[in-house]
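Enquirer: One structure coming up, written as structure tokens, with questions to follow.
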Amino acid sequence: MSRQFYLELAATGRRVPIAAHLVLHERPDPEAILVDGARLAGVMAETADRFHSPLALPIMDLTLEKELLLTTLGLGGDERAKYHFEGLPPASAAADLRTRLDPRSLPRIAANLAALTEIAGEGRLTPIGMSIGPFSLVTKLMADPITAIYLAGSGLGPEDDETVAQLDALLELGELVIEASCAAQIDAGAKAVFVCEPAANIVYFSPKQLREGSDSFKRYVIEPNLRLADLIRQGGADLIFHDCGELVPEMISAFAALRPVMLSLGSSVRLWEIEPQVPKDVVLYGNLPTKKFYSDEEIPLSAVREMADEIAKRLTALQHPFIIGSECDVLSMPGYEKVIMEKVLQFCGRAPR
Amino acid sequence: MGLFEDIAENLQKGKANVVKELVQKAIDEGNSAKDILEKGLMSGMNVIGVKFKNNEIFIPEVLIAARAMNAGAALLKPLLVSAGVKAKGKVVIGTVKGDLHDIGKNLVKMMMEGKGFDVVDLGVDVSADKFAQAAVDQKADIVACSALLTTTMVEMKGVVAAVSKAGIRDKVTIMVGGAPVTDSYCKSIGADLYAPDAASAADAAMAAAVGS
């Protein structure tokens, strides 16, 4: 694919939610579908069709790469989701990952790959891969990543502090796993990879410390993602970069320097305000407050179209290519499915089927 | 600068080892544990809370300050117990079932401890029954539930039901918070207090404690 594809898609005025989770949970057996490539492809395709999108977006499951890492290293047992490394990872961990990593060994990743291959084979929709970003993965591997990042940002090195050493070592492992995951998705047919770095935000990085000259954001977020972006592009795919966290302008400029084809941001950002920091050939994606769509008090149905129209009006005035969408994946919330779907359909400007 | 001010100042800078040394010095000089806690540590954490609320500092600075507070508070704890100094109230806190996010919950815990509450941290992925049982066992005044996801915040309704079923609904204040949670959601599930951020949660807990 190419940057031009996304610029042309933006020019059509399409409105595209990340909504596979919503459609998946309309089925009686969502858990079974997650490990069934053919049926998962069906959900991705139906989501694209329902919202008249040419992009087949997968479920935004940011737990998979952690599970792959721990499974490959034989760590975590039945509690992998909650597992945190205590101290440094085993000395052999990086070598073990290099020789033993097999993304297909995880049934859910295998199903994702099969789904991408099926959609690519049909040729009707553009298959998009999905991965957590290296930094966000590391935050899931440590009990207290914030303190480690702060200490690293204050100038302590791995030789000075054990938590900084842990942070550095886990970042290396995380990059290996994510590279393998993205490469497998590209091999399976993904034309772009949606790299999600929701933790790269002001919760983990103090804007005060960054203003005082810390290079921690560059070291732990931007440099690993530059390496990943190169790998994705070398594989012939495009980078779509996503961060729905709370950000400061310097962070957005740094994301733009990754040269994604599309930059997806959360609703805490006003797209027209950060627009000057993003080159015109990077499509801005987002960023309706879909996480609060469940609440009619917070986001009444009538406000949804107005919000979408305001983004469109302001970005059009700035002549910046954009695609109106959700601020993150739109999650199906028990008891609120109908109200959420109604609002997604509202901003997409389509009548319910 | 007096010793208490020195403790508060270094706590704000996150200098855990210095705070520990200063607290020990204050103990050795014969100051009461209650004074050291309130005029030194809590005073410093209060400044942190205000600065955080005003966006002058951010979560990493709060965590570093809280780490310094804990270093000093650990020295005071046995002295406070033997002196019979009571906490402002007892809180059981946790992230609801199915949700593994703990930053918001940890911040609220730190802010509440900074206000003088005794906080029992149940961790993440906590079932409604576990919240209720802990509230009974700990004779809690407040049950505080956190959720980051729309898919998990619905568990909060179960916590309210479990606390009612345990027969202690009239004895505890149920607080809810987290990115997708709103005041109207709080009311709709029958919880008592919603706070939009950690500092407000600690303030709300304080107001509830004073009110009761």
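Simple scheme: letters A, B, ... for chains in structure tokens order, numbers from 1 for residues in each chain, numbers from 1 for ligands in the order shown.
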Show me which bits of chain B are within 7 Å of chain A, counting only C-alpha atoms, as a list in words.

Expert: Ile57, Phe58, Ile59, Pro60, Leu63, Ile64, Leu100, Thr150, Thr151 and Pro180 of chain B

Enquirer: Would you save the residues from that selection as a CSV table (one decimal), in the first residue's frame, using N, CA, C and O atoms?

Expert:
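Result file is part_2.csv:
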```
chain,number,residue,atom,x,y,z
B,57,ILE,N,2.6,19.5,39.0
B,57,ILE,CA,3.3,18.3,38.9
B,57,ILE,C,2.4,17.2,38.3
B,57,ILE,O,1.2,17.4,38.2
B,58,PHE,N,3.0,16.0,38.1
B,58,PHE,CA,2.3,15.0,37.4
B,58,PHE,C,2.5,13.7,38.2
B,58,PHE,O,3.1,13.6,39.2
B,59,ILE,N,1.8,12.6,37.6
B,59,ILE,CA,1.8,11.4,38.4
B,59,ILE,C,3.2,10.8,38.8
B,59,ILE,O,3.3,10.4,39.9
B,60,PRO,N,4.1,10.9,37.9
B,60,PRO,CA,5.5,10.4,38.4
B,60,PRO,C,6.0,11.1,39.6
B,60,PRO,O,6.5,10.4,40.5
B,63,LEU,N,4.1,9.8,42.6
B,63,LEU,CA,4.6,8.4,43.1
B,63,LEU,C,5.9,8.5,43.8
B,63,LEU,O,6.1,7.8,44.8
B,64,ILE,N,6.8,9.3,43.3
B,64,ILE,CA,8.1,9.5,43.9
B,64,ILE,C,8.0,10.1,45.3
B,64,ILE,O,8.6,9.6,46.3
B,100,LEU,N,-7.1,-5.0,35.1
B,100,LEU,CA,-5.8,-5.2,35.7
B,100,LEU,C,-5.0,-3.8,35.9
B,100,LEU,O,-3.9,-3.8,36.2
B,150,THR,N,-14.6,0.4,30.0
B,150,THR,CA,-16.1,0.4,30.0
B,150,THR,C,-16.6,-1.1,30.2
B,150,THR,O,-17.7,-1.3,30.7
B,151,THR,N,-15.8,-2.0,29.8
B,151,THR,CA,-16.2,-3.4,29.9
B,151,THR,C,-16.2,-3.9,31.3
B,151,THR,O,-16.8,-4.9,31.7
B,180,PRO,N,-13.6,5.9,32.5
B,180,PRO,CA,-15.0,6.0,31.9
B,180,PRO,C,-16.1,6.3,32.9
B,180,PRO,O,-17.2,6.5,32.5
```

Enquirer: Excluding Ala317 in chain A and residues on its chain fewer than 6 positions from it, collect all residues at most 12 Å away from it, counting only C-alpha atoms, and give them as a list in words.

Expert: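 Final neighbour list, sorted by chain and number: Trp272, Glu275, Glu310 and Ile311 of chain A.
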
Enquirer: Using only C-alpha atoms, please write the residues we just selected to a file, as a PDB file, in the first residue's frame.

Expert:
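Output below, filename result-v5.pdb:
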```pdb
ATOM      1  CA  TRP A 272      -7.274  20.966  15.071  1.00  0.00           C
ATOM      2  CA  GLU A 275      -2.615  19.848  13.553  1.00  0.00           C
ATOM      3  CA  GLU A 310     -16.775  20.107  14.283  1.00  0.00           C
ATOM      4  CA  ILE A 311     -13.648  18.006  13.750  1.00  0.00           C
TER       5      ILE A 311
END
```

Enquirer: Among range 228-274 of chain A, which residues carry a DSSP assignment of alpha helix (DSSP H), reported as a list of chain:residue names?

Expert: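 Output for range 228-274 of chain A, alpha helix (DSSP H) only: A:Leu228, A:Ala229, A:Asp230, A:Leu231, A:Ile232, A:Arg233, A:Gln234, A:Pro249, A:Glu250, A:Met251, A:Ile252, A:Ser253, A:Ala254, A:Phe255, A:Ala256, A:Leu271, A:Trp272, A:Glu273, A:Ile274.
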
Enquirer: Write the residues of the selection above to a file with N, CA, C and O atoms, as a short mmCIF file (atom, residue, chain, number, x, y, z; two decimals), in the first residue's frame.

Expert:
```
data_model
loop_
_atom_site.label_atom_id
_atom_site.label_comp_id
_atom_site.auth_asym_id
_atom_site.auth_seq_id
_atom_site.Cartn_x
_atom_site.Cartn_y
_atom_site.Cartn_z
N LEU A 228 10.79 -0.16 15.00
CA LEU A 228 9.63 -0.96 14.57
C LEU A 228 9.06 -0.43 13.25
O LEU A 228 8.70 -1.21 12.36
N ALA A 229 8.99 0.88 13.13
CA ALA A 229 8.47 1.48 11.89
C ALA A 229 9.32 1.07 10.70
O ALA A 229 8.79 0.74 9.63
N ASP A 230 10.64 1.05 10.90
CA ASP A 230 11.54 0.61 9.81
C ASP A 230 11.24 -0.83 9.41
O ASP A 230 11.17 -1.16 8.23
N LEU A 231 11.06 -1.66 10.42
CA LEU A 231 10.80 -3.07 10.15
C LEU A 231 9.48 -3.25 9.38
O LEU A 231 9.40 -4.02 8.43
N ILE A 232 8.47 -2.50 9.80
CA ILE A 232 7.16 -2.59 9.13
C ILE A 232 7.28 -2.13 7.67
O ILE A 232 6.78 -2.78 6.76
N ARG A 233 7.98 -1.04 7.49
CA ARG A 233 8.12 -0.52 6.11
C ARG A 233 8.99 -1.46 5.25
O ARG A 233 8.69 -1.67 4.08
N GLN A 234 10.03 -2.02 5.87
CA GLN A 234 10.85 -2.97 5.11
C GLN A 234 10.04 -4.18 4.67
O GLN A 234 10.31 -4.80 3.65
N PRO A 249 2.14 18.48 23.61
CA PRO A 249 2.45 18.70 22.20
C PRO A 249 3.76 18.06 21.72
O PRO A 249 3.84 17.54 20.61
N GLU A 250 4.78 18.08 22.59
CA GLU A 250 6.07 17.51 22.19
C GLU A 250 5.94 16.02 21.87
O GLU A 250 6.65 15.49 21.00
N MET A 251 5.06 15.35 22.56
CA MET A 251 4.87 13.92 22.31
C MET A 251 4.25 13.71 20.92
O MET A 251 4.63 12.80 20.19
N ILE A 252 3.32 14.56 20.57
CA ILE A 252 2.64 14.41 19.27
C ILE A 252 3.63 14.70 18.13
O ILE A 252 3.65 13.98 17.13
N SER A 253 4.46 15.71 18.31
CA SER A 253 5.49 15.97 17.29
C SER A 253 6.39 14.76 17.11
O SER A 253 6.78 14.42 15.99
N ALA A 254 6.72 14.12 18.23
CA ALA A 254 7.60 12.95 18.15
C ALA A 254 6.91 11.79 17.44
O ALA A 254 7.54 11.07 16.66
N PHE A 255 5.61 11.63 17.69
CA PHE A 255 4.88 10.57 16.97
C PHE A 255 4.86 10.86 15.47
O PHE A 255 4.99 9.96 14.65
N ALA A 256 4.65 12.12 15.13
CA ALA A 256 4.61 12.49 13.70
C ALA A 256 5.94 12.18 13.03
O ALA A 256 5.98 11.81 11.85
N LEU A 271 -7.89 17.74 17.72
CA LEU A 271 -7.09 17.48 16.52
C LEU A 271 -6.69 18.76 15.80
O LEU A 271 -5.59 18.86 15.26
N TRP A 272 -7.60 19.74 15.80
CA TRP A 272 -7.27 20.97 15.07
C TRP A 272 -6.21 21.79 15.80
O TRP A 272 -5.51 22.58 15.18
N GLU A 273 -6.08 21.57 17.11
CA GLU A 273 -5.05 22.30 17.86
C GLU A 273 -3.66 21.71 17.66
O GLU A 273 -2.65 22.42 17.65
N ILE A 274 -3.60 20.38 17.50
CA ILE A 274 -2.27 19.75 17.33
C ILE A 274 -1.91 19.62 15.85
O ILE A 274 -0.80 19.18 15.52
#
```

Enquirer: Would you pick out the contacts of Val177 in chain A at 9 Å or less, using only C-alpha atoms, so that residues sharing its chain but fewer than 2 positions from it are not included, and give the list as a PyMOL selection string?

Expert: chain A and resi 65-66+68-69+97-98+101+103+134+172-175+179-182

Enquirer: Could you check how far CA of Arg15 in chain A sits from CA of Phe135 in chain A, in Å to one decimal?

Expert: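 A separation of 29.2 Å between them.
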
Enquirer: Separation of CA of Leu113 in chain A and CA of Ala38 in chain A, in Å?

Expert: 10.1 Å

Enquirer: Could you list, as a ChimeraX atom specification, every residue within 10 Å of Thr71 in chain A, counting only C-alpha atoms and ignoring same-chain residues fewer than 4 positions away?

Expert: /A:65-67,75-77,80,101,105-106

Enquirer: If we count only C-alpha atoms and set the cut-off at 8 Å, which residues sit around Ala16 in chain B, ignoring sequence neighbours fewer than 3 positions away in its own chain? Please answer as a PDB file with C-alpha atoms, in the first residue's frame.

Expert:
```
ATOM      1  CA  ASN B  10      12.322  16.582  50.910  1.00  0.00           C
ATOM      2  CA  LEU B  11       9.190  14.476  50.614  1.00  0.00           C
ATOM      3  CA  VAL B  19      13.076  11.731  54.503  1.00  0.00           C
ATOM      4  CA  LYS B  20      13.801   8.511  56.340  1.00  0.00           C
ATOM      5  CA  ALA B  65       6.827  11.651  46.754  1.00  0.00           C
ATOM      6  CA  ARG B  67       7.587   6.527  48.018  1.00  0.00           C
ATOM      7  CA  ALA B  68       9.385   9.017  50.258  1.00  0.00           C
ATOM      8  CA  MET B  69       6.332   9.274  52.491  1.00  0.00           C
ATOM      9  CA  ALA B  71       9.852   5.387  53.793  1.00  0.00           C
ATOM     10  CA  GLY B  72       9.222   7.814  56.637  1.00  0.00           C
TER      11      GLY B  72
END
```

Enquirer: Could you list, as a list in words, every residue within 7 Å of range 166-168 of chain B, counting only C-alpha atoms and ignoring same-chain residues fewer than 4 positions away?

Expert: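 So, after excluding close chain neighbours, the residues are Ala132, Ala162 and Val172 of chain B.
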
Enquirer: I want to know what sits within 12 Å of Glu38 in chain B, based on only C-alpha atoms, with residues of the same chain fewer than 4 positions away left out; could you give that as a list in words?

Expert: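 Here the qualifying residues turn out to be Phe4, Glu5, Ile7, Ala8, Val23, Asn31, Ser32, Ala33, Lys34, Met42, Ser43, Gly44, Met45, Asn46, Met69, Gly72, Ala73, Leu76, Leu80, Val85, Ala87, Lys88, Glu113, Gly114, Lys115, Gly116 and Phe117 of chain B.
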
Enquirer: Considering only C-alpha atoms, state which residue in the set B:Asp170, B:Met206, B:Val154, B:Glu56 is at the smallest distance from Ser188 in chain B.

Expert: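 The answer is B:Val154, which sits nearest to Ser188 in chain B.
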